[in-house]
$ cat start.pdb   # PDB, C-alpha atoms
ATOM      1  CA  MET R 560     133.634 -20.234  47.892
ATOM      2  CA  VAL R 561     130.793 -21.876  49.849
ATOM      3  CA  HIS R 562     127.385 -22.297  48.227
ATOM      4  CA  SER R 563     124.706 -19.846  49.361
ATOM      5  CA  VAL R 564     121.669 -20.953  51.343
ATOM      6  CA  GLY R 565     118.012 -20.085  51.739
ATOM      7  CA  ASN R 566     114.569 -20.900  50.428
ATOM      8  CA  ILE R 567     113.807 -19.720  46.905
ATOM      9  CA  ASN R 568     112.487 -16.136  46.848
ATOM     10  CA  THR R 569     113.333 -15.482  50.498
ATOM     11  CA  LEU R 570     114.974 -12.097  51.070
ATOM     12  CA  SER R 571     116.975 -11.340  54.216
ATOM     13  CA  ILE R 572     116.710  -7.766  55.547
ATOM     14  CA  ILE R 573     119.572  -6.672  57.805
ATOM     15  CA  MET R 574     118.551  -3.601  59.801
ATOM     16  CA  ASP R 575     117.631  -2.637  63.336
ATOM     17  CA  ASN R 576     114.192  -3.525  64.625
ATOM     18  CA  GLU R 577     112.935   0.051  65.000
ATOM     19  CA  SER R 578     113.840   1.001  61.421
ATOM     20  CA  TRP R 579     112.125  -2.149  60.155
ATOM     21  CA  LYS R 580     108.911  -1.026  61.855
ATOM     22  CA  GLY R 581     109.233   2.508  60.469
ATOM     23  CA  GLU R 582     109.567   4.412  57.200
ATOM     24  CA  ILE R 583     112.542   2.491  55.823
ATOM     25  CA  GLY R 584     110.878  -0.852  56.506
ATOM     26  CA  ASP R 585     107.667   0.371  54.877
ATOM     27  CA  THR R 586     109.609   1.369  51.758
ATOM     28  CA  ILE R 587     111.309  -2.021  51.532
ATOM     29  CA  ARG R 588     107.961  -3.772  51.878
ATOM     30  CA  LYS R 589     106.408  -1.495  49.255
ATOM     31  CA  TYR R 590     108.893  -2.432  46.536
ATOM     32  CA  PHE R 591     110.205  -5.872  47.477
ATOM     33  CA  GLY R 592     106.914  -7.093  48.857
ATOM     34  CA  ALA R 593     104.936  -5.844  45.850
ATOM     35  CA  GLU R 594     102.311  -8.140  44.371
ATOM     36  CA  VAL R 595     103.448 -10.790  41.876
ATOM     37  CA  ALA R 596     101.859 -10.217  38.456
ATOM     38  CA  GLY R 597      99.473 -12.836  37.112
ATOM     39  CA  LEU R 598      98.531 -14.737  40.269
ATOM     40  CA  PRO R 599      94.868 -15.195  41.213
ATOM     41  CA  GLN R 600      95.501 -13.975  44.763
ATOM     42  CA  SER R 601      97.892 -11.428  46.225
ATOM     43  CA  GLU R 602     101.364 -12.820  46.957
ATOM     44  CA  PRO R 603     104.580 -10.830  47.472
ATOM     45  CA  LEU R 604     107.600 -10.858  45.168
ATOM     46  CA  PHE R 605     109.742 -12.053  48.077
ATOM     47  CA  SER R 606     109.173 -13.530  51.501
ATOM     48  CA  MET R 607     111.149 -11.278  53.841
ATOM     49  CA  ARG R 608     112.880 -12.041  57.123
ATOM     50  CA  GLN R 609     114.454  -9.231  59.119
ATOM     51  CA  MET R 610     117.430  -9.576  61.448
ATOM     52  CA  PRO R 611     119.464  -6.995  63.381
ATOM     53  CA  PRO R 612     122.983  -6.278  62.058
ATOM     54  CA  SER R 613     124.545  -8.088  65.027
ATOM     55  CA  ALA R 614     122.947 -11.342  63.831
ATOM     56  CA  PHE R 615     124.382 -11.046  60.311
ATOM     57  CA  SER R 616     127.448 -13.209  60.825
ATOM     58  CA  GLY R 617     128.598 -16.783  60.314
ATOM     59  CA  PHE R 618     125.977 -18.971  58.660
ATOM     60  CA  SER R 619     123.490 -16.111  58.126
ATOM     61  CA  ARG R 620     125.968 -14.373  55.799
ATOM     62  CA  LYS R 621     125.556 -17.237  53.340
ATOM     63  CA  THR R 622     122.004 -16.122  52.536
ATOM     64  CA  ARG R 623     121.593 -15.828  48.776
ATOM     65  CA  ILE R 624     119.851 -12.446  48.506
ATOM     66  CA  PHE R 625     119.836  -9.695  51.095
ATOM     67  CA  ILE R 626     119.369  -5.985  51.809
ATOM     68  CA  LYS R 627     121.498  -4.276  54.444
ATOM     69  CA  ILE R 628     120.763  -0.822  55.874
ATOM     70  CA  GLU R 629     123.700   1.214  57.223
ATOM     71  CA  PRO R 630     122.432   4.470  58.777
ATOM     72  CA  GLY R 631     124.672   7.379  59.768
ATOM     73  CA  LYS R 632     126.836   7.259  56.645
ATOM     74  CA  GLY R 633     126.796   9.252  53.415
ATOM     75  CA  ALA R 634     123.984   8.481  50.968
ATOM     76  CA  HIS R 635     125.146   5.563  48.849
ATOM     77  CA  TYR R 636     123.994   2.310  47.250
ATOM     78  CA  THR R 637     126.455  -0.579  47.001
ATOM     79  CA  ALA R 638     125.904  -3.837  45.103
ATOM     80  CA  LEU R 639     127.679  -6.871  46.561
ATOM     81  CA  GLU R 640     128.034  -9.945  44.373
ATOM     82  CA  ASN R 641     129.290 -13.255  45.799
ATOM     83  CA  LYS R 642     130.776 -11.488  48.832
ATOM     84  CA  TYR R 643     130.213 -14.243  51.408
ATOM     85  CA  ALA R 644     128.905 -17.157  49.290
ATOM     86  CA  GLU R 645     128.025 -18.083  45.720
ATOM     87  CA  PRO R 646     125.671 -17.339  44.081
ATOM     88  CA  GLN R 647     124.789 -14.278  46.137
ATOM     89  CA  PHE R 648     123.641 -10.710  45.594
ATOM     90  CA  GLY R 649     123.321  -8.100  48.321
ATOM     91  CA  ALA R 650     122.146  -4.487  48.230
ATOM     92  CA  ILE R 651     123.563  -2.103  50.830
ATOM     93  CA  PHE R 652     121.878   1.253  51.412
ATOM     94  CA  SER R 653     123.448   3.940  53.558
ATOM     95  CA  GLY R 654     122.351   7.458  54.448
ATOM     96  CA  LYS R 655     122.265   9.986  57.258
ATOM     97  CA  THR R 656     118.482  10.407  57.073
ATOM     98  CA  ASN R 657     115.507   8.174  56.378
ATOM     99  CA  ASP R 658     114.738  10.221  53.258
ATOM    100  CA  GLU R 659     118.196   9.569  51.818
ATOM    101  CA  ILE R 660     117.852   5.825  52.344
ATOM    102  CA  THR R 661     114.267   5.529  51.123
ATOM    103  CA  THR R 662     115.094   7.539  47.973
ATOM    104  CA  LEU R 663     117.943   5.154  47.162
ATOM    105  CA  ILE R 664     115.691   2.136  47.726
ATOM    106  CA  ARG R 665     113.026   3.576  45.443
ATOM    107  CA  ASP R 666     115.483   4.512  42.677
ATOM    108  CA  HIS R 667     117.402   1.235  42.627
ATOM    109  CA  SER R 668     114.640  -1.282  43.416
ATOM    110  CA  PRO R 669     113.817  -2.182  39.759
ATOM    111  CA  GLU R 670     117.383  -3.201  38.902
ATOM    112  CA  ILE R 671     117.842  -4.997  42.237
ATOM    113  CA  ILE R 672     114.615  -6.981  41.839
ATOM    114  CA  GLU R 673     115.734  -8.016  38.360
ATOM    115  CA  ARG R 674     119.063  -9.216  39.759
ATOM    116  CA  TYR R 675     117.344 -11.078  42.605
ATOM    117  CA  LYS R 676     114.950 -12.817  40.216
ATOM    118  CA  ARG R 677     117.779 -13.815  37.910
ATOM    119  CA  ILE R 678     119.876 -15.296  40.711
ATOM    120  CA  GLU R 679     116.863 -17.116  42.185
ATOM    121  CA  ALA R 680     116.058 -18.622  38.775
ATOM    122  CA  GLN R 681     119.662 -19.774  38.444
ATOM    123  CA  GLU R 682     119.527 -21.378  41.889
ATOM    124  CA  LYS R 683     116.234 -23.108  41.057
ATOM    125  CA  GLN R 684     117.730 -24.449  37.827
ATOM    126  CA  PHE R 685     120.789 -25.639  39.781
ATOM    127  CA  ARG R 686     118.499 -27.621  42.078
ATOM    128  CA  ILE R 687     116.474 -28.953  39.144
ATOM    129  CA  ARG R 688     119.612 -30.327  37.486
ATOM    130  CA  LYS R 689     120.169 -32.619  40.462
ATOM    131  CA  SER R 690     117.223 -34.802  39.385
ATOM    132  CA  LEU R 691     116.873 -34.490  35.609
ATOM    133  CA  GLN R 692     115.154 -36.926  33.300
ATOM    134  CA  LYS R 693     115.463 -37.420  29.550
ATOM    135  CA  LEU R 694     112.362 -36.544  27.544
ATOM    136  CA  PRO R 695     113.079 -37.486  23.922
ATOM    137  CA  GLU R 696     109.514 -36.561  22.982
ATOM    138  CA  LEU R 697     110.383 -32.858  23.169
ATOM    139  CA  LYS R 698     113.240 -33.223  20.709
ATOM    140  CA  GLU R 699     111.410 -35.628  18.409
ATOM    141  CA  LYS R 700     108.175 -33.633  18.178
ATOM    142  CA  LEU R 701     109.342 -30.050  18.661
ATOM    143  CA  GLY R 702     113.120 -29.942  18.185
ATOM    144  CA  ILE R 703     113.778 -28.536  21.670
ATOM    145  CA  THR R 704     115.067 -29.683  25.042
ATOM    146  CA  LEU R 705     114.076 -28.647  28.563
ATOM    147  CA  ASP R 706     115.643 -29.405  31.933
ATOM    148  CA  VAL R 707     112.713 -31.229  33.550
ATOM    149  CA  PRO R 708     112.934 -32.842  37.022
ATOM    150  CA  SER R 709     112.169 -36.534  37.373
ATOM    151  CA  ALA R 710     109.033 -35.772  39.410
ATOM    152  CA  TYR R 711     107.263 -34.778  36.177
ATOM    153  CA  ARG R 712     105.738 -37.276  33.738
ATOM    154  CA  ILE R 713     104.511 -37.251  30.158
ATOM    155  CA  ALA R 714     100.737 -36.759  30.130
ATOM    156  CA  ALA R 715     100.147 -36.601  26.351
ATOM    157  CA  VAL R 716     102.110 -36.577  23.107
ATOM    158  CA  GLU R 717     100.834 -35.673  19.661
ATOM    159  CA  ASP R 718     102.422 -34.237  16.535
ATOM    160  CA  ASP R 719     103.712 -30.790  17.529
ATOM    161  CA  PHE R 720     102.273 -31.046  21.060
ATOM    162  CA  VAL R 721     103.712 -32.379  24.330
ATOM    163  CA  TRP R 722     102.099 -32.201  27.788
ATOM    164  CA  ILE R 723     104.141 -32.813  30.948
ATOM    165  CA  ARG R 724     102.770 -32.723  34.489
ATOM    166  CA  LYS R 725     103.623 -33.236  38.139
ATOM    167  CA  ASP R 726     101.157 -34.152  40.865
ATOM    168  CA  ILE R 727     101.266 -32.088  44.043
ATOM    169  CA  PRO R 728      99.034 -32.263  47.134
ATOM    170  CA  ASN R 729      95.500 -31.314  46.056
ATOM    171  CA  GLY R 730      96.538 -30.312  42.559
ATOM    172  CA  ASN R 731      99.039 -30.505  39.723
ATOM    173  CA  MET R 732     101.706 -28.529  37.876
ATOM    174  CA  ASN R 733     101.719 -28.612  34.084
ATOM    175  CA  LEU R 734     103.925 -27.800  31.118
ATOM    176  CA  ILE R 735     102.665 -27.853  27.550
ATOM    177  CA  ALA R 736     104.717 -27.174  24.429
ATOM    178  CA  TYR R 737     103.515 -26.829  20.854
ATOM    179  CA  THR R 738     104.239 -25.114  17.544
ATOM    180  CA  LEU R 739     102.203 -22.726  15.415
ATOM    181  CA  PRO R 740     102.830 -20.662  12.267
ATOM    182  CA  LEU R 741     105.103 -17.669  12.877
ATOM    183  CA  GLU R 742     102.402 -15.204  11.814
ATOM    184  CA  THR R 743      99.999 -16.402  14.558
ATOM    185  CA  ILE R 744     101.144 -13.472  16.733
ATOM    186  CA  THR R 745     102.110 -10.076  15.359
ATOM    187  CA  LYS R 746     103.754  -7.247  17.271
ATOM    188  CA  ASP R 747     101.030  -4.596  17.128
ATOM    189  CA  SER R 748      97.853  -3.529  18.916
ATOM    190  CA  THR R 749      96.398  -7.041  18.490
ATOM    191  CA  THR R 750      99.236  -8.900  20.216
ATOM    192  CA  ILE R 751      97.516  -9.676  23.505
ATOM    193  CA  ALA R 752      94.252 -10.581  21.758
ATOM    194  CA  SER R 753      96.151 -12.948  19.455
ATOM    195  CA  ILE R 754      97.868 -14.631  22.396
ATOM    196  CA  ILE R 755      94.540 -15.094  24.211
ATOM    197  CA  ALA R 756      92.957 -16.531  21.053
ATOM    198  CA  MET R 757      95.928 -18.868  20.603
ATOM    199  CA  ARG R 758      95.762 -20.074  24.218
ATOM    200  CA  ASP R 759      92.019 -20.573  24.150
ATOM    201  CA  THR R 760      92.123 -22.554  20.903
ATOM    202  CA  ILE R 761      94.871 -24.878  22.125
ATOM    203  CA  GLY R 762      93.353 -25.173  25.590
ATOM    204  CA  SER R 763      89.919 -26.016  24.245
ATOM    205  CA  THR R 764      91.212 -28.707  21.874
ATOM    206  CA  LYS R 765      94.186 -30.198  23.721
ATOM    207  CA  ILE R 766      93.348 -30.020  27.455
ATOM    208  CA  PRO R 767      90.491 -32.377  28.398
ATOM    209  CA  THR R 768      88.247 -30.975  31.117
ATOM    210  CA  GLY R 769      85.078 -33.065  31.010
ATOM    211  CA  THR R 770      82.831 -29.996  30.892
ATOM    212  CA  GLY R 771      83.713 -26.437  29.964
ATOM    213  CA  ASN R 772      86.824 -25.259  28.148
ATOM    214  CA  PHE R 773      90.313 -24.469  29.423
ATOM    215  CA  ILE R 774      90.474 -20.755  28.541
ATOM    216  CA  THR R 775      92.047 -17.463  29.588
ATOM    217  CA  GLU R 776      90.146 -15.830  32.444
ATOM    218  CA  GLU R 777      87.900 -13.248  30.782
ATOM    219  CA  ALA R 778      87.567 -10.572  33.458
ATOM    220  CA  TYR R 779      91.174  -9.341  33.418
ATOM    221  CA  ALA R 780      93.643  -8.909  30.575
ATOM    222  CA  PRO R 781      96.884 -10.884  31.094
ATOM    223  CA  TYR R 782     100.216  -9.142  31.653
ATOM    224  CA  LEU R 783     102.404  -9.021  28.518
ATOM    225  CA  PHE R 784     106.196  -8.667  28.520
ATOM    226  CA  GLU R 785     108.965  -9.081  25.972
ATOM    227  CA  THR R 786     112.023 -11.197  26.698
ATOM    228  CA  GLU R 787     114.478 -13.563  25.023
ATOM    229  CA  LEU R 788     114.880 -17.328  25.354
ATOM    230  CA  ASP R 789     117.831 -19.182  23.804
ATOM    231  CA  GLY R 790     118.657 -16.064  21.784
ATOM    232  CA  ARG R 791     115.169 -15.733  20.294
ATOM    233  CA  PHE R 792     112.582 -12.973  20.709
ATOM    234  CA  THR R 793     109.825 -14.142  23.037
ATOM    235  CA  TYR R 794     106.414 -12.905  24.175
ATOM    236  CA  GLU R 795     105.963 -13.606  27.892
ATOM    237  CA  THR R 796     102.354 -13.602  29.090
ATOM    238  CA  LYS R 797     101.140 -14.083  32.656
ATOM    239  CA  GLY R 798      97.549 -14.404  33.731
ATOM    240  CA  THR R 799      94.803 -16.696  34.975
ATOM    241  CA  TRP R 800      93.131 -19.648  33.283
ATOM    242  CA  GLU R 801      89.641 -20.850  34.103
ATOM    243  CA  ILE R 802      87.131 -23.608  33.424
ATOM    244  CA  LYS R 803      83.870 -21.786  33.953
ATOM    245  CA  ASP R 804      81.404 -24.624  34.340
ATOM    246  CA  ARG R 805      83.611 -26.363  36.887
ATOM    247  CA  PHE R 806      84.584 -23.248  38.879
ATOM    248  CA  MET R 807      88.259 -24.107  38.407
ATOM    249  CA  ALA R 808      91.029 -21.549  37.862
ATOM    250  CA  GLY R 809      94.722 -20.935  38.389
ATOM    251  CA  PRO R 810      97.760 -19.034  37.142
ATOM    252  CA  PHE R 811      99.626 -19.548  33.876
ATOM    253  CA  VAL R 812     102.825 -18.248  32.310
ATOM    254  CA  ASN R 813     103.105 -18.507  28.526
ATOM    255  CA  TYR R 814     106.224 -18.036  26.410
ATOM    256  CA  ALA R 815     105.738 -17.696  22.636
ATOM    257  CA  ILE R 816     109.206 -17.969  21.067
ATOM    258  CA  LYS R 817     109.837 -16.742  17.509
ATOM    259  CA  ASP R 818     111.812 -19.452  15.718
ATOM    260  CA  VAL R 819     112.332 -17.409  12.562
ATOM    261  CA  ALA R 820     114.781 -19.869  10.973
ATOM    262  CA  ASN R 821     112.032 -22.507  10.901
ATOM    263  CA  ASN R 822     109.154 -20.055  10.242
ATOM    264  CA  ARG R 823     107.280 -21.074  13.385
ATOM    265  CA  LEU R 824     106.334 -20.127  16.906
ATOM    266  CA  VAL R 825     107.345 -22.503  19.663
ATOM    267  CA  VAL R 826     104.990 -21.988  22.589
ATOM    268  CA  ILE R 827     105.800 -23.317  26.047
ATOM    269  CA  GLU R 828     103.314 -22.727  28.835
ATOM    270  CA  GLY R 829     103.277 -23.587  32.494
ATOM    271  CA  PHE R 830      99.987 -23.675  34.382
ATOM    272  CA  LEU R 831      99.038 -24.656  37.889
ATOM    273  CA  PHE R 832      95.981 -26.066  39.600
ATOM    274  CA  ALA R 833      96.440 -25.809  43.345
ATOM    275  CA  PRO R 834      93.424 -24.393  45.181
ATOM    276  CA  SER R 835      93.830 -23.015  48.694
ATOM    277  CA  ILE R 836      97.630 -22.817  48.678
ATOM    278  CA  SER R 837     100.209 -20.168  47.807
ATOM    279  CA  LYS R 838     101.216 -20.395  44.168
ATOM    280  CA  ARG R 839     104.192 -18.050  43.695
ATOM    281  CA  ASP R 840     106.946 -20.614  44.107
ATOM    282  CA  ASN R 841     105.192 -23.269  42.022
ATOM    283  CA  VAL R 842     104.828 -20.850  39.118
ATOM    284  CA  PHE R 843     108.442 -19.789  39.632
ATOM    285  CA  GLU R 844     109.504 -23.430  39.226
ATOM    286  CA  LEU R 845     107.578 -23.690  35.955
ATOM    287  CA  GLU R 846     109.213 -20.480  34.714
ATOM    288  CA  ALA R 847     112.664 -21.733  35.686
ATOM    289  CA  ILE R 848     112.127 -24.955  33.729
ATOM    290  CA  ILE R 849     110.862 -23.117  30.640
ATOM    291  CA  LYS R 850     113.867 -20.787  30.680
ATOM    292  CA  THR R 851     116.193 -23.777  30.169
ATOM    293  CA  VAL R 852     114.809 -24.296  26.649
ATOM    294  CA  LYS R 853     117.367 -25.063  23.948
ATOM    295  CA  PHE R 854     116.708 -25.396  20.225
ATOM    296  CA  LYS R 855     118.321 -28.388  18.516
TER     297      LYS R 855
END

$ encode --input "start.pdb" --output "structure tokens"
Amino acid sequence: MVHSVGNINTLSIIMDNESWKGEIGDTIRKYFGAEVAGLPQSEPLFSMRQMPPSAFSGFSRKTRIFIKIEPGKGAHYTALENKYAEPQFGAIFSGKTNDEITTLIRDHSPEIIERYKRIEAQEKQFRIRKSLQKLPELKEKLGITLDVPSAYRIAAVEDDFVWIRKDIPNGNMNLIAYTLPLETITKDSTTIASIIAMRDTIGSTKIPTGTGNFITEEAYAPYLFETELDGRFTYETKGTWEIKDRFMAGPFVNYAIKDVANNRLVVIEGFLFAPSISKRDNVFELEAIIKTVKFK
């Protein structure tokens, strides 16, 4: 099986031009072009490129994620996995009316988006593994490993704290990892407040800024999710950081992992400073790296 192709988070839409401009296209854009949570400016979940069905052949069939609309058939949703390449996931919607097709898109979009995100993360991690570096500091200080590309470098190491960063044009991408007592965050009505307090304390003491503190942006509460990393319950928080006095800000994604066996939280955060550019794919890279965490 040939390897799939395409830029990360680029979704191919196979449908006729008129439908793309109409109700079905609007529905696809509503769900698959929805705003990414936690970014300081509006960016879509996926960059979409539409092509007519006649163009979906040969090389274009190797695209990693796609939606295909088949009008004139009975109402049905079909999931295609690794049909033309690997990894690949395609969603096919058929129906005799626009309403039938748009209803199927609406009903199945959450599960499809989850599948797309998972396959895109896997592809990003596949690309990352082509240029890995060894970072013994993570294992020595924190007892974990991460798949980190060679473009990143160690910025600071202390007991129970490691900072890794990569320079990009007009900015930088950052990963920090540290440990705290397990009871720092509790699963109740104070969870988000505890995470903000945790971030602000670490940011103010560990991230040098010259003036002002590296804190959670105060105007909007971050988004909080629950997930699992390396088999451990994890709080996933997405939001915006800021340094008030310097008018600096950017997105962050924070994973607080419950390492119950060692009575501690292992916190790994990615944050980005990149003014005036799109940030979705940079944050996605940081997330993909964090999700490779393994406890040793």

$ residues_around --input "start.pdb" --residues "range 740-754 of chain R" --least-positions-apart "5" --cutoff "12 Å" --atoms "only C-alpha atoms" --output "PyMOL selection string"
chain R and resi 719+759-762+774-775+777+779-785+792-798+812-826+828

$ resolve_selection --input "start.pdb" --expression "the PyMOL selection byres ((chain R and resi 853) around 8)" --output "list in words"
Ile703, Thr704, Leu705, Asp789, Thr851, Val852, Phe854 and Lys855 of chain R

$ resolve_selection --input "start.pdb" --expression "the PyMOL selection byres ((chain R and resi 605-608) around 9)" --output "number ranges by chain"
R: 567-573, 588, 591-593, 595, 602-604, 609-610

$ resolve_selection --input "start.pdb" --expression "the PyMOL selection byres ((chain R and resi 691) around 7)" --output "list of chain:residue names"
R:Ile687, R:Arg688, R:Lys689, R:Ser690, R:Gln692, R:Lys693, R:Asp706, R:Val707, R:Pro708, R:Ser709

$ closest_residue --input "start.pdb" --among "R:Ala638, R:Leu694, R:Ala808, R:Leu734" --to "Ile848 in chain R" --atoms "all atoms listed in the file"
R:Leu734

$ atom_distance --input "start.pdb" --atom1 "CA of Glu844 in chain R" --atom2 "CA of Ala736 in chain R"
16.0 Å

$ residues_around --input "start.pdb" --residues "Asn657 in chain R" --least-positions-apart "4" --cutoff "8 Å" --atoms "all atoms listed in the file" --output "mmCIF file with C-alpha atoms, keeping the file's coordinate frame"
data_model
loop_
_atom_site.group_PDB
_atom_site.id
_atom_site.type_symbol
_atom_site.label_atom_id
_atom_site.label_comp_id
_atom_site.auth_asym_id
_atom_site.auth_seq_id
_atom_site.Cartn_x
_atom_site.Cartn_y
_atom_site.Cartn_z
ATOM 1 C CA GLU R 582 109.567 4.412 57.200
ATOM 2 C CA ILE R 583 112.542 2.491 55.823
ATOM 3 C CA THR R 661 114.267 5.529 51.123
#

$ atom_distance --input "start.pdb" --atom1 "CA of Thr768 in chain R" --atom2 "CA of Arg805 in chain R"
8.7 Å

$ build_atoms --input "start.pdb" --residues "range 639-651 of chain R" --atoms "N, CA and C atoms" --output "compact mmCIF listing (two decimals), in the coordinates of the input"
# COMPACT_ATOMS: atom_id res chain seq x y z
N LEU R 639 126.70 -5.86 46.18
CA LEU R 639 127.68 -6.87 46.56
C LEU R 639 127.34 -8.19 45.87
N GLU R 640 128.27 -8.69 45.08
CA GLU R 640 128.03 -9.94 44.37
C GLU R 640 129.02 -11.00 44.87
N ASN R 641 128.48 -12.13 45.33
CA ASN R 641 129.29 -13.26 45.80
C ASN R 641 130.32 -12.83 46.86
N LYS R 642 129.89 -11.99 47.79
CA LYS R 642 130.78 -11.49 48.83
C LYS R 642 131.08 -12.56 49.88
N TYR R 643 130.04 -13.27 50.33
CA TYR R 643 130.21 -14.24 51.41
C TYR R 643 129.93 -15.68 50.96
N ALA R 644 129.27 -15.84 49.81
CA ALA R 644 128.90 -17.16 49.29
C ALA R 644 128.61 -17.00 47.80
N GLU R 645 128.29 -18.12 47.15
CA GLU R 645 128.02 -18.08 45.72
C GLU R 645 126.94 -19.08 45.36
N PRO R 646 125.93 -18.70 44.57
CA PRO R 646 125.67 -17.34 44.08
C PRO R 646 125.04 -16.48 45.18
N GLN R 647 125.31 -15.19 45.13
CA GLN R 647 124.79 -14.28 46.14
C GLN R 647 124.75 -12.87 45.57
N PHE R 648 123.70 -12.13 45.96
CA PHE R 648 123.64 -10.71 45.59
C PHE R 648 123.05 -9.93 46.77
N GLY R 649 123.78 -8.93 47.22
CA GLY R 649 123.32 -8.10 48.32
C GLY R 649 123.27 -6.64 47.93
N ALA R 650 122.29 -5.92 48.47
CA ALA R 650 122.15 -4.49 48.23
C ALA R 650 122.34 -3.77 49.56
N ILE R 651 123.30 -2.86 49.60
CA ILE R 651 123.56 -2.10 50.83
C ILE R 651 123.18 -0.64 50.61
